[in-house]
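S.K.: For reference, the file final_28.cif (mmCIF, C-alpha atoms and all ligand atoms) is included below:
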```cif
data_upload
loop_
_atom_site.label_atom_id
_atom_site.label_comp_id
_atom_site.auth_asym_id
_atom_site.auth_seq_id
_atom_site.Cartn_x
_atom_site.Cartn_y
_atom_site.Cartn_z
CA MET A 1 -2.43 -13.07 11.43
CA ILE A 2 -1.66 -11.90 7.92
CA LEU A 3 -1.58 -8.20 7.14
CA ILE A 4 -2.65 -7.38 3.59
CA LEU A 5 -0.89 -4.25 2.36
CA GLY A 6 -1.39 -2.24 -0.79
CA ASP A 7 1.78 -0.98 -2.48
CA LEU A 8 1.36 2.55 -3.81
CA LYS A 9 4.34 1.84 -6.05
CA HIS A 10 2.81 -1.21 -7.69
CA LEU A 11 3.78 0.10 -11.10
CA ASP A 12 7.39 -0.71 -10.15
CA TYR A 13 6.54 -4.41 -10.56
CA ALA A 14 5.14 -4.05 -14.08
CA GLU A 15 8.43 -4.57 -15.93
CA GLU A 16 9.24 -7.72 -13.93
CA ILE A 17 5.75 -9.21 -14.27
CA PHE A 18 5.32 -8.46 -17.97
CA SER A 19 8.84 -9.70 -18.73
CA ALA A 20 8.03 -13.01 -17.03
CA ALA A 21 4.76 -13.19 -18.98
CA VAL A 22 6.63 -12.62 -22.25
CA GLU A 23 9.27 -15.22 -21.33
CA GLN A 24 6.56 -17.76 -20.56
CA GLY A 25 4.80 -17.05 -23.85
CA ILE A 26 1.71 -15.68 -22.12
CA MET A 27 2.08 -12.13 -23.40
CA PRO A 28 3.33 -10.99 -26.81
CA GLN A 29 6.38 -8.71 -26.60
CA LYS A 30 4.54 -5.93 -28.41
CA VAL A 31 1.75 -5.97 -25.80
CA LYS A 32 4.36 -5.62 -23.04
CA ASP A 33 6.05 -2.79 -24.92
CA SER A 34 2.79 -0.91 -25.38
CA TYR A 35 1.87 -1.35 -21.68
CA MET A 36 5.30 -0.18 -20.56
CA LYS A 37 4.94 2.87 -22.78
CA LEU A 38 1.39 3.61 -21.71
CA LEU A 39 1.32 2.83 -17.99
CA PRO A 40 3.98 5.23 -16.62
CA ASP A 41 2.25 8.13 -18.35
CA LYS A 42 -1.17 7.01 -17.12
CA PHE A 43 0.16 6.61 -13.55
CA SER A 44 1.86 9.98 -13.56
CA LYS A 45 -1.53 11.56 -14.24
CA MET A 46 -3.29 9.73 -11.41
CA THR A 47 -3.79 11.31 -8.02
CA LYS A 48 -2.44 9.60 -4.92
CA GLN A 49 -6.07 8.89 -3.99
CA GLN A 50 -6.73 7.12 -7.32
CA ILE A 51 -3.61 4.98 -6.93
CA ARG A 52 -4.67 4.20 -3.36
CA GLU A 53 -8.11 3.14 -4.58
CA ASN A 54 -6.44 0.74 -7.04
CA THR A 55 -4.52 -0.88 -4.21
CA LEU A 56 -7.69 -1.23 -2.12
CA ILE A 57 -9.51 -3.00 -4.94
CA ASP A 58 -6.55 -5.27 -5.65
CA GLY A 59 -5.98 -5.95 -1.94
CA GLY A 60 -9.62 -6.95 -1.47
CA LEU A 61 -9.29 -9.46 -4.31
CA VAL A 62 -6.02 -10.78 -2.87
CA ALA A 63 -7.60 -11.15 0.58
CA MET A 64 -10.57 -13.14 -0.75
CA GLN A 65 -8.30 -15.31 -2.89
CA LEU A 66 -6.06 -16.01 0.09
CA MET A 67 -9.06 -17.01 2.19
CA LEU A 68 -10.28 -19.40 -0.51
CA VAL A 69 -6.81 -20.93 -0.93
CA ALA A 70 -6.52 -21.33 2.86
CA LYS A 71 -9.90 -23.10 2.93
CA ALA A 72 -8.83 -25.37 0.06
CA HIS A 73 -5.83 -26.38 2.21
CA GLY A 74 -8.03 -27.14 5.22
CA TYR A 75 -7.56 -23.85 7.11
CA ASP A 76 -10.11 -21.30 8.24
CA THR A 77 -9.84 -17.53 8.13
CA ASN A 78 -11.53 -14.38 9.34
CA PRO A 79 -11.15 -11.01 7.64
CA ILE A 80 -10.61 -8.14 10.06
CA GLY A 81 -11.24 -4.60 8.86
CA GLY A 82 -11.47 -3.06 12.33
CA PHE A 83 -7.94 -2.77 13.66
CA GLU A 84 -5.58 -0.03 14.79
CA ARG A 85 -3.90 0.61 11.47
CA LYS A 86 -1.44 3.23 12.64
CA GLU A 87 -0.27 1.14 15.59
CA VAL A 88 0.01 -2.08 13.58
CA MET A 89 2.01 -0.34 10.85
CA GLU A 90 4.29 1.17 13.49
CA ALA A 91 4.74 -2.09 15.37
CA LEU A 92 5.76 -3.89 12.17
CA GLY A 93 7.93 -1.02 10.97
CA VAL A 94 6.09 -0.69 7.65
CA ASP A 95 6.83 2.30 5.42
CA VAL A 96 3.52 4.19 5.66
CA GLU A 97 4.39 6.45 2.74
CA ARG A 98 4.48 3.45 0.43
CA TYR A 99 2.16 0.83 1.89
CA VAL A 100 -1.56 1.07 2.71
CA PRO A 101 -2.95 -1.24 5.41
CA ILE A 102 -5.98 -2.99 3.90
CA MET A 103 -7.01 -5.92 6.03
CA LEU A 104 -5.88 -8.39 8.63
CA ILE A 105 -6.70 -12.03 8.03
CA SER A 106 -6.56 -14.45 10.91
CA ILE A 107 -5.80 -17.97 9.81
CA GLY A 108 -5.85 -21.26 11.62
CA LYS A 109 -7.90 -24.34 12.33
CA ALA A 110 -11.45 -23.63 13.47
CA ALA A 111 -12.06 -24.60 17.09
CA LYS A 112 -15.67 -25.40 16.16
CA PRO A 113 -17.75 -25.31 12.95
CA ALA A 114 -18.68 -21.80 11.78
CA HIS A 115 -22.20 -20.57 12.49
CA SER A 116 -24.43 -20.21 9.47
CA SER A 117 -24.79 -16.84 7.82
CA VAL A 118 -27.37 -14.56 6.23
CA ARG A 119 -27.24 -12.87 2.82
CA LEU A 120 -29.72 -10.45 1.31
CA PRO A 121 -31.80 -12.06 -1.45
CA ILE A 122 -30.40 -11.43 -4.92
CA GLU A 123 -33.29 -9.15 -5.93
CA ARG A 124 -32.33 -6.74 -3.14
CA VAL A 125 -28.83 -6.19 -4.41
CA MET A 126 -29.11 -6.60 -8.19
CA SER A 127 -31.10 -4.86 -10.89
CA TRP A 128 -31.16 -4.95 -14.65
CA ASN A 129 -30.25 -1.66 -16.33
CA GLN A 130 -31.99 0.62 -13.79
CA ALA A 131 -29.86 0.50 -10.66
CA ASN A 132 -31.88 3.10 -8.74
CA GLN A 133 -35.05 1.00 -8.92
CA VAL A 134 -33.71 -1.68 -6.65
CA VAL A 135 -30.31 -1.01 -5.13
CA GLY A 136 -30.46 0.81 -1.84
CA GLN A 137 -34.26 0.64 -1.53
CA PRO A 138 -35.68 -1.05 1.56
CA ALA A 139 -37.36 -4.41 0.98
CA GLN A 140 -41.08 -4.16 0.12
CA LYS A 141 -43.25 -5.84 2.72
C1 LIG A 201 -14.90 -6.16 5.26
C2 LIG A 201 -15.01 -7.02 6.50
C3 LIG A 201 -14.49 -6.56 7.69
C4 LIG A 201 -14.55 -7.36 8.84
N1 LIG A 201 -14.00 -6.90 9.98
C5 LIG A 201 -14.01 -7.70 11.07
C6 LIG A 201 -13.42 -7.25 12.29
O1 LIG A 201 -12.91 -6.14 12.36
N2 LIG A 201 -13.39 -8.10 13.35
C7 LIG A 201 -13.94 -9.36 13.27
O2 LIG A 201 -13.89 -10.08 14.26
N3 LIG A 201 -14.52 -9.80 12.14
C8 LIG A 201 -14.57 -9.00 11.05
N4 LIG A 201 -15.15 -9.44 9.91
C9 LIG A 201 -15.69 -10.81 9.86
C10 LIG A 201 -17.19 -10.86 10.07
O3 LIG A 201 -17.49 -10.43 11.38
C11 LIG A 201 -17.73 -12.28 9.85
O4 LIG A 201 -17.12 -13.15 10.74
C12 LIG A 201 -17.46 -12.78 8.47
O5 LIG A 201 -17.82 -11.79 7.53
C13 LIG A 201 -18.22 -14.09 8.18
O6 LIG A 201 -19.56 -13.98 8.51
P1 LIG A 201 -20.68 -13.76 7.41
O7 LIG A 201 -20.61 -14.91 6.49
O8 LIG A 201 -21.96 -13.66 8.17
O9 LIG A 201 -20.34 -12.45 6.71
C14 LIG A 201 -15.16 -8.63 8.77
C15 LIG A 201 -15.70 -9.07 7.56
C16 LIG A 201 -15.63 -8.30 6.43
C17 LIG A 201 -16.21 -8.82 5.14
#
```
Would you write out, as structure tokens, the structure that this file holds?
M.R.:
Amino acid sequence: MILILGDLKHLDYAEEIFSAAVEQGIMPQKVKDSYMKLLPDKFSKMTKQQIRENTLIDGGLVAMQLMLVAKAHGYDTNPIGGFERKEVMEALGVDVERYVPIMLISIGKAAKPAHSSVRLPIERVMSWNQANQVVGQPAQK
């Protein structure tokens, strides 16, 4: 089982990440400098809830990416959103002031092939320009 956590202090990594990007020639120094000037101020104006929402979005992307990478390496996964967050955090001794529990992902080799799945047709979940005409409306019979 892998526990995906969101770090409410993710801004603390910015300097390290942008410095590596500059060193590797991926990011111009002046872009890093402008981010490092801009981001702390932007973060200081965000509520804890807004920062938390960032981590949930990022954590969802990380979880999906991890599942795809696992599959590419011949493993199978299952995302688990329904778990006892407080107890799991306690059991693992995670700092709950800093980290947000997002998802558990079980990983292993499937005992048998997965059953097939159902998805809503694209026209039920997508609309062009007028979201309220389609999204959330029951399917027309
Ligand atoms: C956000 C989310 C939360 C889930 N939570 C659980 C869970 O708590 N326990 C569980 O056994 N499976 C959980 N699943 C896995 C689903 O039950 C299902 O196995 C998986 O989504 C693949 O089936 P599908 O292709 O029909 O969606 C969750 C899936 C998603 C996307």
S.K.: Residues up to 6 Å from ligand LIG 201 (chain A), counting only C-alpha atoms and all ligand atoms: could you list those as an NGL selection string?
M.R.: :A and (78-82 or 117-118)
S.K.: Have a look at A:Met1, A:Ala21, A:Val96, A:Gln130 and name the one nearest to Asp76 (chain A); count all atoms listed in the file.
M.R.: A:Met1
S.K.: What is the distance between CA of Asp41 (chain A) and CA of Asp95 (chain A), in Å to one decimal?
M.R.: 24.9 Å
S.K.: What's the separation between CA of Glu84 (chain A) and CA of Ile107 (chain A), in Å to one decimal place?
M.R.: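 Distance reported for this atom pair: 18.6 Å.
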S.K.: Please provide the set of residues having any atom within 9 Å of Met36 (chain A), restricted to only C-alpha atoms, with same-chain residues fewer than 4 positions apart removed, written as a PDB file with C-alpha atoms, in the frame of the given file.
M.R.:
```
ATOM      1  CA  ALA A  14       5.140  -4.050 -14.080  1.00  0.00           C
ATOM      2  CA  GLU A  15       8.430  -4.570 -15.930  1.00  0.00           C
ATOM      3  CA  PHE A  18       5.320  -8.460 -17.970  1.00  0.00           C
ATOM      4  CA  VAL A  31       1.750  -5.970 -25.800  1.00  0.00           C
ATOM      5  CA  LYS A  32       4.360  -5.620 -23.040  1.00  0.00           C
ATOM      6  CA  PRO A  40       3.980   5.230 -16.620  1.00  0.00           C
TER       7      PRO A  40
END
```
S.K.: Pick the closest to Arg52 (chain A) from A:Arg124, A:Lys30, A:His115, A:His10: which is it, counting all atoms listed in the file?
M.R.: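 The shortest atom-to-atom distance to Arg52 (chain A) comes from A:His10.
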S.K.: For Ile102 (chain A), which residue among A:Ile51, A:Met27, A:Val125, A:Ala63 is the nearest when counting all atoms listed in the file?
M.R.: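 Once distances to Ile102 (chain A) are computed over all atoms listed in the file, the minimum belongs to A:Ala63.
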S.K.: With only C-alpha atoms as the atoms that count, which of A:Val22, A:Met126, A:Val69, A:Val88 lies nearest to Val100 (chain A)?
M.R.: A:Val88
S.K.: Grab the CA of Pro101 (chain A) to CA of Gly6 (chain A) distance for me, in Å with one decimal place.
M.R.: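 One can read the CA of Pro101 (chain A) to CA of Gly6 (chain A) distance as 6.5 Å.
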S.K.: Could you add N, CA and C atoms to region 46-63 of chain A and give me the result as a PDB file, in the coordinates of the input?
M.R.:
```pdb
ATOM      1  N   MET A  46      -2.334  10.117 -12.455  1.00  0.00           N
ATOM      2  CA  MET A  46      -3.290   9.730 -11.410  1.00  0.00           C
ATOM      3  C   MET A  46      -2.967  10.426 -10.103  1.00  0.00           C
ATOM      4  N   THR A  47      -4.019  10.733  -9.345  1.00  0.00           N
ATOM      5  CA  THR A  47      -3.790  11.310  -8.020  1.00  0.00           C
ATOM      6  C   THR A  47      -3.385  10.188  -7.062  1.00  0.00           C
ATOM      7  N   LYS A  48      -2.825  10.586  -5.925  1.00  0.00           N
ATOM      8  CA  LYS A  48      -2.440   9.600  -4.920  1.00  0.00           C
ATOM      9  C   LYS A  48      -3.691   8.812  -4.469  1.00  0.00           C
ATOM     10  N   GLN A  49      -4.805   9.528  -4.400  1.00  0.00           N
ATOM     11  CA  GLN A  49      -6.070   8.890  -3.990  1.00  0.00           C
ATOM     12  C   GLN A  49      -6.498   7.814  -5.002  1.00  0.00           C
ATOM     13  N   GLN A  50      -6.349   8.106  -6.287  1.00  0.00           N
ATOM     14  CA  GLN A  50      -6.730   7.120  -7.320  1.00  0.00           C
ATOM     15  C   GLN A  50      -5.833   5.880  -7.251  1.00  0.00           C
ATOM     16  N   ILE A  51      -4.545   6.114  -7.041  1.00  0.00           N
ATOM     17  CA  ILE A  51      -3.610   4.980  -6.930  1.00  0.00           C
ATOM     18  C   ILE A  51      -3.955   4.150  -5.690  1.00  0.00           C
ATOM     19  N   ARG A  52      -4.273   4.857  -4.604  1.00  0.00           N
ATOM     20  CA  ARG A  52      -4.670   4.200  -3.360  1.00  0.00           C
ATOM     21  C   ARG A  52      -5.927   3.348  -3.569  1.00  0.00           C
ATOM     22  N   GLU A  53      -6.880   3.898  -4.313  1.00  0.00           N
ATOM     23  CA  GLU A  53      -8.110   3.140  -4.580  1.00  0.00           C
ATOM     24  C   GLU A  53      -7.794   1.863  -5.364  1.00  0.00           C
ATOM     25  N   ASN A  54      -6.865   1.953  -6.302  1.00  0.00           N
ATOM     26  CA  ASN A  54      -6.440   0.740  -7.040  1.00  0.00           C
ATOM     27  C   ASN A  54      -5.949  -0.325  -6.069  1.00  0.00           C
ATOM     28  N   THR A  55      -5.104   0.110  -5.128  1.00  0.00           N
ATOM     29  CA  THR A  55      -4.520  -0.880  -4.210  1.00  0.00           C
ATOM     30  C   THR A  55      -5.599  -1.498  -3.309  1.00  0.00           C
ATOM     31  N   LEU A  56      -6.628  -0.690  -2.978  1.00  0.00           N
ATOM     32  CA  LEU A  56      -7.690  -1.230  -2.120  1.00  0.00           C
ATOM     33  C   LEU A  56      -8.506  -2.285  -2.856  1.00  0.00           C
ATOM     34  N   ILE A  57      -8.768  -2.017  -4.131  1.00  0.00           N
ATOM     35  CA  ILE A  57      -9.510  -3.000  -4.940  1.00  0.00           C
ATOM     36  C   ILE A  57      -8.682  -4.283  -5.064  1.00  0.00           C
ATOM     37  N   ASP A  58      -7.421  -4.101  -5.447  1.00  0.00           N
ATOM     38  CA  ASP A  58      -6.550  -5.270  -5.650  1.00  0.00           C
ATOM     39  C   ASP A  58      -6.381  -6.045  -4.340  1.00  0.00           C
ATOM     40  N   GLY A  59      -6.194  -5.306  -3.248  1.00  0.00           N
ATOM     41  CA  GLY A  59      -5.980  -5.950  -1.940  1.00  0.00           C
ATOM     42  C   GLY A  59      -7.202  -6.736  -1.494  1.00  0.00           C
ATOM     43  N   GLY A  60      -8.397  -6.234  -1.808  1.00  0.00           N
ATOM     44  CA  GLY A  60      -9.620  -6.950  -1.470  1.00  0.00           C
ATOM     45  C   GLY A  60      -9.684  -8.282  -2.222  1.00  0.00           C
ATOM     46  N   LEU A  61      -9.292  -8.235  -3.508  1.00  0.00           N
ATOM     47  CA  LEU A  61      -9.290  -9.460  -4.310  1.00  0.00           C
ATOM     48  C   LEU A  61      -8.247 -10.451  -3.766  1.00  0.00           C
ATOM     49  N   VAL A  62      -7.084  -9.926  -3.423  1.00  0.00           N
ATOM     50  CA  VAL A  62      -6.020 -10.780  -2.870  1.00  0.00           C
ATOM     51  C   VAL A  62      -6.496 -11.431  -1.574  1.00  0.00           C
ATOM     52  N   ALA A  63      -7.139 -10.640  -0.715  1.00  0.00           N
ATOM     53  CA  ALA A  63      -7.600 -11.150   0.580  1.00  0.00           C
ATOM     54  C   ALA A  63      -8.590 -12.304   0.380  1.00  0.00           C
TER      55      ALA A  63
END
```
